[in-house]
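Peer 1: Got a structure for you, written out below as structure tokens; questions coming shortly.
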Amino acid sequence: MSKDYFSHKAHIYEQDNNRVDNVGNIADAIRQQVTLSSQMHLLDFGSGTGLLLERLAPHVKKITAVDISTSMHQQLAEKQDKLPCELAIIQANLEQEDIDGAFDGIISSMTMHHIRDITAMFAKFRQMLLPGGFIAIADLDKEDGSFHTDDTGVCHFGFEHQEIAAAARHVGFTAVKIRNVSIARKPHGDYPVFLLTGQLEQ
């Protein structure tokens, strides 16, 4: 995923109430399943306009937002001064690039289906986390390909739970749990959304 596929819709991205509600459900589930603290530094992978990170910002010290899309980050930058935590914005393609920093946790919403090699991405997450760090990754259940009306940049039509959980365990994450936490509603159907959590040993 190297092109800015969101340039034409970044400015209206948050006008979709179903999308906003879905991310709200994901954020609630993360807060329920992961212990956040005021000293934590999180990485939001595929941060977009910041829908997920702004809901977790009151509970942590700092969030680093990483996304490939310049247009999405332009929307996020407009929120920066209003967030109750520090925010760093980095434009990068983590499939191909490395960034500096070590994080207490990595969060992500609806990004992994754009990643070709999910096992390699989980391995990179592990390298970026501090001992005891966690992942909280939300994405689509396996679907028939109808979720996206345009499949440009889409590498997976969602995931089987066992498949993506196995990829996380394979690279060393423990206490891997996965459960459905939301529904992504589209005019043409409803699509279950899961949250996968896991952690590194201290």
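Each chain in the structure tokens gets a letter, A, B and so on, in the order shown; residues start at 1 in every chain, and ligands are counted from 1 in the order they appear.
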Name the residues of segment 19-151 of chain A that fall into helix (DSSP H, G or I) according to DSSP on the backbone, using the chain letters and numbers of this document, as a ChimeraX atom specification.
Peer 2: /A:19-33,51-59,70-77,80-82,112-114,118-128
Peer 1: Using only C-alpha atoms, which residues sit within 12 Å of Ile106 of chain A once same-chain residues fewer than 5 positions away are excluded, as an MDAnalysis selection string?
Peer 2: chainID A and resid 30 34 36 40:47 52:53 56 62:66 101 121:122 124:130 132:138 196:200
Peer 1: Identify all residues of segment 10-197 of chain A in strand (DSSP E or B) (DSSP on the backbone) and supply them as a PyMOL selection string.
Peer 2: chain A and resi 41-45+62-67+86-91+103-109+129-141+159+174-186+189-197
Peer 1: Would you mind listing what lies within 9 Å of Lys61 of chain A as a list in words, with only C-alpha atoms counted and same-chain residues fewer than 6 positions away left out?
Peer 2: Ser37, Ser38, Gln39, Met40, His41, Leu42, Pro84, Cys85, Glu86 and Leu87 of chain A
Peer 1: Restricting the calculation to only C-alpha atoms: of A:Ser108, A:Asp141, A:Asp150, A:Gln33, which residue gets closest to Val176 of chain A?
Peer 2: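 Between A:Ser108, A:Asp141, A:Asp150, A:Gln33, the residue approaching Val176 of chain A most closely is A:Gln33.
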Peer 1: With only C-alpha atoms as the counted atoms, please give the residues lying no more than 9 Å from Ile26 of chain A, apart from itself and same-chain residues fewer than 4 positions off, as a PyMOL selection string.
Peer 2: chain A and resi 21-22+30-31+52+109+138+181-182+193-195
Peer 1: Take the residues that were just selected and, keeping all heavy atoms, output them as a PDB file, in the first residue's frame.
Peer 2:
ATOM      1  N   ASP A  21     -19.327   5.295  14.459  1.00  0.00           N
ATOM      2  CA  ASP A  21     -19.851   4.400  15.498  1.00  0.00           C
ATOM      3  C   ASP A  21     -19.004   3.141  15.614  1.00  0.00           C
ATOM      4  O   ASP A  21     -18.750   2.654  16.723  1.00  0.00           O
ATOM      5  CB  ASP A  21     -21.296   4.014  15.167  1.00  0.00           C
ATOM      6  CG  ASP A  21     -22.274   5.173  15.327  1.00  0.00           C
ATOM      7  OD1 ASP A  21     -21.903   6.183  15.954  1.00  0.00           O
ATOM      8  OD2 ASP A  21     -23.401   5.051  14.811  1.00  0.00           O
ATOM      9  N   ASN A  22     -18.567   2.595  14.489  1.00  0.00           N
ATOM     10  CA  ASN A  22     -17.740   1.390  14.507  1.00  0.00           C
ATOM     11  C   ASN A  22     -16.441   1.637  15.266  1.00  0.00           C
ATOM     12  O   ASN A  22     -16.050   0.835  16.128  1.00  0.00           O
ATOM     13  CB  ASN A  22     -17.443   0.948  13.071  1.00  0.00           C
ATOM     14  CG  ASN A  22     -16.565  -0.277  12.987  1.00  0.00           C
ATOM     15  OD1 ASN A  22     -16.755  -1.249  13.711  1.00  0.00           O
ATOM     16  ND2 ASN A  22     -15.576  -0.230  12.106  1.00  0.00           N
ATOM     17  N   ILE A  30     -11.132  -1.767  23.298  1.00  0.00           N
ATOM     18  CA  ILE A  30      -9.717  -1.674  23.679  1.00  0.00           C
ATOM     19  C   ILE A  30      -9.594  -1.263  25.136  1.00  0.00           C
ATOM     20  O   ILE A  30      -8.816  -1.857  25.898  1.00  0.00           O
ATOM     21  CB  ILE A  30      -8.977  -0.681  22.765  1.00  0.00           C
ATOM     22  CG1 ILE A  30      -8.863  -1.252  21.343  1.00  0.00           C
ATOM     23  CG2 ILE A  30      -7.571  -0.378  23.316  1.00  0.00           C
ATOM     24  CD1 ILE A  30      -8.268  -0.284  20.337  1.00  0.00           C
ATOM     25  N   ARG A  31     -10.367  -0.279  25.551  1.00  0.00           N
ATOM     26  CA  ARG A  31     -10.295   0.169  26.953  1.00  0.00           C
ATOM     27  C   ARG A  31     -10.715  -0.939  27.913  1.00  0.00           C
ATOM     28  O   ARG A  31     -10.208  -1.024  29.034  1.00  0.00           O
ATOM     29  CB  ARG A  31     -11.170   1.404  27.158  1.00  0.00           C
ATOM     30  CG  ARG A  31     -10.613   2.663  26.514  1.00  0.00           C
ATOM     31  CD  ARG A  31     -11.275   3.920  27.070  1.00  0.00           C
ATOM     32  NE  ARG A  31     -12.713   3.904  26.857  1.00  0.00           N
ATOM     33  CZ  ARG A  31     -13.309   4.430  25.795  1.00  0.00           C
ATOM     34  NH1 ARG A  31     -12.592   5.011  24.851  1.00  0.00           N
ATOM     35  NH2 ARG A  31     -14.624   4.385  25.681  1.00  0.00           N
ATOM     36  N   LEU A  52      -9.740   6.735  15.967  1.00  0.00           N
ATOM     37  CA  LEU A  52      -9.462   5.831  17.084  1.00  0.00           C
ATOM     38  C   LEU A  52      -8.615   6.514  18.142  1.00  0.00           C
ATOM     39  O   LEU A  52      -8.935   6.469  19.334  1.00  0.00           O
ATOM     40  CB  LEU A  52      -8.765   4.570  16.580  1.00  0.00           C
ATOM     41  CG  LEU A  52      -8.397   3.532  17.649  1.00  0.00           C
ATOM     42  CD1 LEU A  52      -9.636   3.043  18.389  1.00  0.00           C
ATOM     43  CD2 LEU A  52      -7.643   2.356  17.036  1.00  0.00           C
ATOM     44  N   SER A 109      -7.095   0.206  13.582  1.00  0.00           N
ATOM     45  CA  SER A 109      -8.482  -0.033  13.208  1.00  0.00           C
ATOM     46  C   SER A 109      -8.618  -0.109  11.690  1.00  0.00           C
ATOM     47  O   SER A 109      -8.322   0.867  10.994  1.00  0.00           O
ATOM     48  CB  SER A 109      -9.379   1.097  13.754  1.00  0.00           C
ATOM     49  OG  SER A 109     -10.691   0.986  13.255  1.00  0.00           O
ATOM     50  N   ALA A 138      -7.945  -4.167  15.298  1.00  0.00           N
ATOM     51  CA  ALA A 138      -9.321  -4.414  14.866  1.00  0.00           C
ATOM     52  C   ALA A 138      -9.392  -4.478  13.344  1.00  0.00           C
ATOM     53  O   ALA A 138      -8.752  -3.680  12.649  1.00  0.00           O
ATOM     54  CB  ALA A 138     -10.246  -3.317  15.382  1.00  0.00           C
ATOM     55  N   VAL A 181     -16.415  -7.270  18.239  1.00  0.00           N
ATOM     56  CA  VAL A 181     -16.701  -6.124  19.101  1.00  0.00           C
ATOM     57  C   VAL A 181     -17.584  -5.086  18.430  1.00  0.00           C
ATOM     58  O   VAL A 181     -18.038  -4.145  19.084  1.00  0.00           O
ATOM     59  CB  VAL A 181     -15.392  -5.443  19.574  1.00  0.00           C
ATOM     60  CG1 VAL A 181     -14.565  -6.403  20.415  1.00  0.00           C
ATOM     61  CG2 VAL A 181     -14.579  -4.900  18.407  1.00  0.00           C
ATOM     62  N   SER A 182     -17.827  -5.226  17.120  1.00  0.00           N
ATOM     63  CA  SER A 182     -18.593  -4.195  16.435  1.00  0.00           C
ATOM     64  C   SER A 182     -19.146  -4.750  15.123  1.00  0.00           C
ATOM     65  O   SER A 182     -18.850  -5.883  14.731  1.00  0.00           O
ATOM     66  CB  SER A 182     -17.717  -2.960  16.162  1.00  0.00           C
ATOM     67  OG  SER A 182     -18.490  -1.889  15.645  1.00  0.00           O
ATOM     68  N   VAL A 193     -16.827  -7.025  12.915  1.00  0.00           N
ATOM     69  CA  VAL A 193     -15.474  -6.514  13.162  1.00  0.00           C
ATOM     70  C   VAL A 193     -14.949  -7.134  14.451  1.00  0.00           C
ATOM     71  O   VAL A 193     -15.644  -7.139  15.472  1.00  0.00           O
ATOM     72  CB  VAL A 193     -15.473  -4.978  13.264  1.00  0.00           C
ATOM     73  CG1 VAL A 193     -14.094  -4.452  13.667  1.00  0.00           C
ATOM     74  CG2 VAL A 193     -15.920  -4.359  11.949  1.00  0.00           C
ATOM     75  N   PHE A 194     -13.725  -7.651  14.406  1.00  0.00           N
ATOM     76  CA  PHE A 194     -13.119  -8.258  15.583  1.00  0.00           C
ATOM     77  C   PHE A 194     -12.040  -7.348  16.173  1.00  0.00           C
ATOM     78  O   PHE A 194     -11.537  -6.451  15.518  1.00  0.00           O
ATOM     79  CB  PHE A 194     -12.500  -9.625  15.241  1.00  0.00           C
ATOM     80  CG  PHE A 194     -11.343  -9.545  14.262  1.00  0.00           C
ATOM     81  CD1 PHE A 194     -10.058  -9.204  14.679  1.00  0.00           C
ATOM     82  CD2 PHE A 194     -11.548  -9.822  12.913  1.00  0.00           C
ATOM     83  CE1 PHE A 194      -8.992  -9.124  13.783  1.00  0.00           C
ATOM     84  CE2 PHE A 194     -10.493  -9.761  12.008  1.00  0.00           C
ATOM     85  CZ  PHE A 194      -9.217  -9.404  12.447  1.00  0.00           C
ATOM     86  N   LEU A 195     -11.705  -7.625  17.424  1.00  0.00           N
ATOM     87  CA  LEU A 195     -10.516  -7.027  18.046  1.00  0.00           C
ATOM     88  C   LEU A 195      -9.603  -8.156  18.484  1.00  0.00           C
ATOM     89  O   LEU A 195     -10.020  -9.062  19.231  1.00  0.00           O
ATOM     90  CB  LEU A 195     -10.914  -6.175  19.256  1.00  0.00           C
ATOM     91  CG  LEU A 195      -9.730  -5.555  20.007  1.00  0.00           C
ATOM     92  CD1 LEU A 195      -9.032  -4.481  19.153  1.00  0.00           C
ATOM     93  CD2 LEU A 195     -10.169  -4.951  21.348  1.00  0.00           C
TER      94      LEU A 195
END
Peer 1: Which residue is closest to Tyr191 of chain A? Choose from A:Lys82, A:His161, A:His148, A:His59 and count only C-alpha atoms.
Peer 2: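 Of A:Lys82, A:His161, A:His148, A:His59, the one nearest Tyr191 of chain A is A:His148, counting only C-alpha atoms.
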Peer 1: Between A:Asp67, A:Ser146, A:Thr35, A:Thr111, single out the one closest to Ile99 of chain A, counting only C-alpha atoms.
Peer 2: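 Nearest to Ile99 of chain A: A:Asp67.
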Peer 1: Given only C-alpha atoms as the basis, pick out the residue of A:Arg116, A:Arg55, A:Arg169, A:Arg185 nearest to Leu140 of chain A.
Peer 2: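 Selected residue with least distance to Leu140 of chain A: A:Arg185.
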Peer 1: A:Ala168, A:Ala175, A:His113, A:Glu97: which is nearest Gly145 of chain A, counting only C-alpha atoms?
Peer 2: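 That would be A:His113, the residue with the smallest distance to Gly145 of chain A.
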